[in-house]
file model-v3.cif (mmCIF, C-alpha atoms)
data_upload
loop_
_atom_site.group_PDB
_atom_site.id
_atom_site.type_symbol
_atom_site.label_atom_id
_atom_site.label_comp_id
_atom_site.auth_asym_id
_atom_site.auth_seq_id
_atom_site.Cartn_x
_atom_site.Cartn_y
_atom_site.Cartn_z
ATOM 1 C CA MET K 26 -233.002 72.704 22.224
ATOM 2 C CA LEU K 27 -230.621 69.928 21.214
ATOM 3 C CA SER K 28 -231.462 68.295 17.920
ATOM 4 C CA ALA K 29 -230.039 65.528 15.795
ATOM 5 C CA ALA K 30 -228.480 66.939 12.662
ATOM 6 C CA PHE K 31 -230.494 65.070 10.110
ATOM 7 C CA ASP K 32 -230.598 68.290 8.174
ATOM 8 C CA ARG K 33 -228.187 71.191 8.314
ATOM 9 C CA ASP K 34 -230.907 73.769 8.975
ATOM 10 C CA ALA K 35 -231.357 73.756 12.747
ATOM 11 C CA ALA K 36 -235.003 74.819 12.490
ATOM 12 C CA ALA K 37 -235.812 71.743 10.378
ATOM 13 C CA ARG K 38 -234.171 69.173 12.666
ATOM 14 C CA PRO K 39 -236.340 66.768 14.608
ATOM 15 C CA GLU K 40 -236.392 67.019 18.388
ATOM 16 C CA LEU K 41 -235.172 63.779 19.938
ATOM 17 C CA ALA K 42 -235.499 62.365 23.457
ATOM 18 C CA GLU K 43 -233.548 59.611 25.186
ATOM 19 C CA LEU K 44 -235.668 56.628 26.211
ATOM 20 C CA GLY K 45 -235.969 55.750 29.880
ATOM 21 C CA ASP K 46 -235.381 52.203 31.129
ATOM 22 C CA ALA K 47 -239.064 51.207 31.015
ATOM 23 C CA GLU K 48 -239.468 52.631 27.506
ATOM 24 C CA ARG K 49 -236.349 50.745 26.352
ATOM 25 C CA ARG K 50 -237.703 47.449 27.663
ATOM 26 C CA ALA K 51 -241.097 48.059 26.042
ATOM 27 C CA ALA K 52 -239.437 48.894 22.710
ATOM 28 C CA GLY K 53 -237.055 45.930 22.898
ATOM 29 C CA THR K 54 -233.914 48.066 22.710
ATOM 30 C CA PRO K 55 -231.054 46.890 24.934
ATOM 31 C CA GLU K 56 -229.334 49.122 27.452
ATOM 32 C CA GLY K 57 -226.220 50.745 25.983
ATOM 33 C CA SER K 58 -227.698 50.950 22.495
ATOM 34 C CA LEU K 59 -228.989 53.850 20.446
ATOM 35 C CA ALA K 60 -232.596 54.691 21.333
ATOM 36 C CA ARG K 61 -233.854 58.203 20.569
ATOM 37 C CA ARG K 62 -237.578 58.948 20.272
ATOM 38 C CA ILE K 63 -238.657 61.560 17.735
ATOM 39 C CA GLU K 64 -240.622 64.174 19.661
ATOM 40 C CA ARG K 65 -241.311 66.714 16.906
ATOM 41 C CA LEU K 66 -240.989 66.930 13.115
ATOM 42 C CA LEU K 67 -241.791 69.881 10.914
ATOM 43 C CA ARG K 68 -244.041 69.207 7.926
ATOM 44 C CA TRP K 69 -241.508 70.375 5.350
ATOM 45 C CA SER K 70 -238.436 68.782 6.955
ATOM 46 C CA PRO K 71 -236.340 66.197 5.084
ATOM 47 C CA SER K 72 -236.888 63.816 7.993
ATOM 48 C CA ARG K 73 -240.660 63.862 7.540
ATOM 49 C CA GLN K 74 -240.325 63.668 3.761
ATOM 50 C CA SER K 75 -238.184 60.541 4.262
ATOM 51 C CA GLY K 76 -241.027 58.856 6.140
ATOM 52 C CA PHE K 77 -240.059 59.513 9.748
ATOM 53 C CA LYS K 78 -242.954 59.986 12.176
ATOM 54 C CA ARG K 79 -243.439 61.412 15.635
ATOM 55 C CA ASP K 80 -242.757 58.765 18.319
ATOM 56 C CA ASP K 81 -240.541 56.662 16.018
ATOM 57 C CA ILE K 82 -237.517 55.392 17.928
ATOM 58 C CA ILE K 83 -234.173 55.656 16.141
ATOM 59 C CA VAL K 84 -232.223 52.477 16.913
ATOM 60 C CA GLU K 85 -229.581 52.438 14.166
ATOM 61 C CA VAL K 86 -227.862 55.022 11.972
ATOM 62 C CA ASP K 87 -225.761 53.675 9.083
ATOM 63 C CA GLY K 88 -225.124 50.414 10.932
ATOM 64 C CA LYS K 89 -224.191 52.139 14.211
ATOM 65 C CA ARG K 90 -226.185 50.932 17.210
ATOM 66 C CA ASP K 91 -224.046 52.211 20.077
ATOM 67 C CA ALA K 92 -225.674 54.668 22.454
ATOM 68 C CA MET K 93 -225.023 58.274 21.456
ATOM 69 C CA SER K 94 -226.154 61.519 22.942
ATOM 70 C CA GLU K 95 -227.929 63.865 20.603
ATOM 71 C CA SER K 96 -224.773 65.979 20.252
ATOM 72 C CA GLN K 97 -222.686 62.863 19.507
ATOM 73 C CA LEU K 98 -225.157 61.854 16.805
ATOM 74 C CA VAL K 99 -224.962 65.358 15.314
ATOM 75 C CA ALA K 100 -221.149 65.228 15.356
ATOM 76 C CA TYR K 101 -221.075 61.749 13.781
ATOM 77 C CA LEU K 102 -223.301 62.795 10.889
ATOM 78 C CA ARG K 103 -221.439 66.056 10.266
ATOM 79 C CA GLN K 104 -218.016 64.413 10.363
ATOM 80 C CA ASN K 105 -218.893 61.470 8.152
ATOM 81 C CA TYR K 106 -221.362 62.790 5.576
ATOM 82 C CA LYS K 107 -221.660 65.687 3.182
ATOM 83 C CA LYS K 108 -224.785 67.560 2.218
ATOM 84 C CA GLY K 109 -226.892 65.408 -0.077
ATOM 85 C CA ALA K 110 -225.585 62.110 1.342
ATOM 86 C CA ARG K 111 -228.025 59.302 1.994
ATOM 87 C CA VAL K 112 -227.939 57.588 5.383
ATOM 88 C CA ARG K 113 -229.642 54.322 6.303
ATOM 89 C CA VAL K 114 -231.700 54.543 9.500
ATOM 90 C CA VAL K 115 -233.569 51.796 11.359
ATOM 91 C CA LEU K 116 -236.570 52.815 13.450
ATOM 92 C CA ARG K 117 -238.823 51.086 15.928
ATOM 93 C CA ARG K 118 -242.415 52.090 15.183
ATOM 94 C CA GLY K 119 -244.683 50.422 17.694
ATOM 95 C CA ALA K 120 -244.015 46.695 17.316
ATOM 96 C CA GLN K 121 -242.457 47.083 13.836
ATOM 97 C CA TRP K 122 -238.893 47.596 12.674
ATOM 98 C CA VAL K 123 -238.851 50.179 9.871
ATOM 99 C CA ARG K 124 -235.977 51.032 7.523
ATOM 100 C CA ARG K 125 -235.648 54.471 5.961
ATOM 101 C CA VAL K 126 -233.082 56.279 3.859
ATOM 102 C CA LEU K 127 -232.560 59.863 4.878
ATOM 103 C CA LYS K 128 -231.089 62.447 2.524
ATOM 104 C CA LEU K 129 -229.051 64.974 4.480
ATOM 105 C CA ASP K 130 -229.716 68.604 3.578
#
call {"tool": "encode", "arguments": {"input": "model-v3.cif", "output": "structure tokens"}}
result
Amino acid sequence: MLSAAFDRDAAARPELAELGDAERRAAGTPEGSLARRIERLLRWSPSRQSGFKRDDIIVEVDGKRDAMSESQLVAYLRQNYKKGARVRVVLRRGAQWVRRVLKLD
């Protein structure tokens, strides 16, 4: 299972899925941009504690909107942030744009 490294503990990471073309259009996210749907979150995970929910669509991470695979997102976070860092994330939740700050564990 590939997972975005929102937290360093692999078991606590959310499972993410790439959006298909129809899902992108429905969510209002342009082709070539970041669009990863949260498939699963554990109750005790930092992601859930930061207010992330199942089916949220991640559209921006710290100002970055370019399309990234899950492994590229993991690499970006690990290369640019230390444990305990706070990262700004923008989500699409239904018809709403939601901003969250995620503390990396």
call {"tool": "closest_residue", "arguments": {"input": "model-v3.cif", "among": "K:Arg111, K:Lys128, K:Lys78, K:Arg103", "to": "K:Leu41", "atoms": "only C-alpha atoms"}}
result
K:Lys78
call {"tool": "residues_near_point", "arguments": {"input": "model-v3.cif", "point": "(-239.4, 50.7, 13.4)", "cutoff": "12 Å", "atoms": "only C-alpha atoms", "output": "MDAnalysis selection string"}}
result
chainID K and resid 52:54 60:63 76:85 114:125
call {"tool": "write_last_selection", "arguments": {"input": "model-v3.cif", "atoms": "C-alpha atoms", "output": "CSV table (one decimal), in the coordinates of the input"}}
result
chain,number,residue,atom,x,y,z
K,52,ALA,CA,-239.4,48.9,22.7
K,53,GLY,CA,-237.1,45.9,22.9
K,54,THR,CA,-233.9,48.1,22.7
K,60,ALA,CA,-232.6,54.7,21.3
K,61,ARG,CA,-233.9,58.2,20.6
K,62,ARG,CA,-237.6,58.9,20.3
K,63,ILE,CA,-238.7,61.6,17.7
K,76,GLY,CA,-241.0,58.9,6.1
K,77,PHE,CA,-240.1,59.5,9.7
K,78,LYS,CA,-243.0,60.0,12.2
K,79,ARG,CA,-243.4,61.4,15.6
K,80,ASP,CA,-242.8,58.8,18.3
K,81,ASP,CA,-240.5,56.7,16.0
K,82,ILE,CA,-237.5,55.4,17.9
K,83,ILE,CA,-234.2,55.7,16.1
K,84,VAL,CA,-232.2,52.5,16.9
K,85,GLU,CA,-229.6,52.4,14.2
K,114,VAL,CA,-231.7,54.5,9.5
K,115,VAL,CA,-233.6,51.8,11.4
K,116,LEU,CA,-236.6,52.8,13.4
K,117,ARG,CA,-238.8,51.1,15.9
K,118,ARG,CA,-242.4,52.1,15.2
K,119,GLY,CA,-244.7,50.4,17.7
K,120,ALA,CA,-244.0,46.7,17.3
K,121,GLN,CA,-242.5,47.1,13.8
K,122,TRP,CA,-238.9,47.6,12.7
K,123,VAL,CA,-238.9,50.2,9.9
K,124,ARG,CA,-236.0,51.0,7.5
K,125,ARG,CA,-235.6,54.5,6.0
call {"tool": "atom_distance", "arguments": {"input": "model-v3.cif", "atom1": "atom CA of K:Glu40", "atom2": "atom CA of K:Glu64"}}
result
5.3 Å
call {"tool": "closest_residue", "arguments": {"input": "model-v3.cif", "among": "K:Leu98, K:Val112, K:Ala42, K:Leu129", "to": "K:Arg65", "atoms": "all atoms listed in the file"}}
result
K:Ala42
call {"tool": "residues_around", "arguments": {"input": "model-v3.cif", "residues": "K:Ala110", "least_positions_apart": "2", "cutoff": "10 Å", "atoms": "all atoms listed in the file", "output": "MDAnalysis selection string"}}
result
chainID K and resid 102 105:108 112 126:130
call {"tool": "resolve_selection", "arguments": {"input": "model-v3.cif", "expression": "the PyMOL selection byres ((chain K and resi 94) around 10)", "output": "list in words"}}
result
Leu27, Ser28, Ala29, Leu41, Ala42, Glu43, Leu59, Ala60, Arg61, Asp91, Ala92, Met93, Glu95, Ser96, Gln97, Leu98, Val99 and Ala100 of chain K
call {"tool": "closest_residue", "arguments": {"input": "model-v3.cif", "among": "K:Arg113, K:Ser75, K:Gly45, K:Arg50", "to": "K:Arg90", "atoms": "all atoms listed in the file"}}
result
K:Arg113
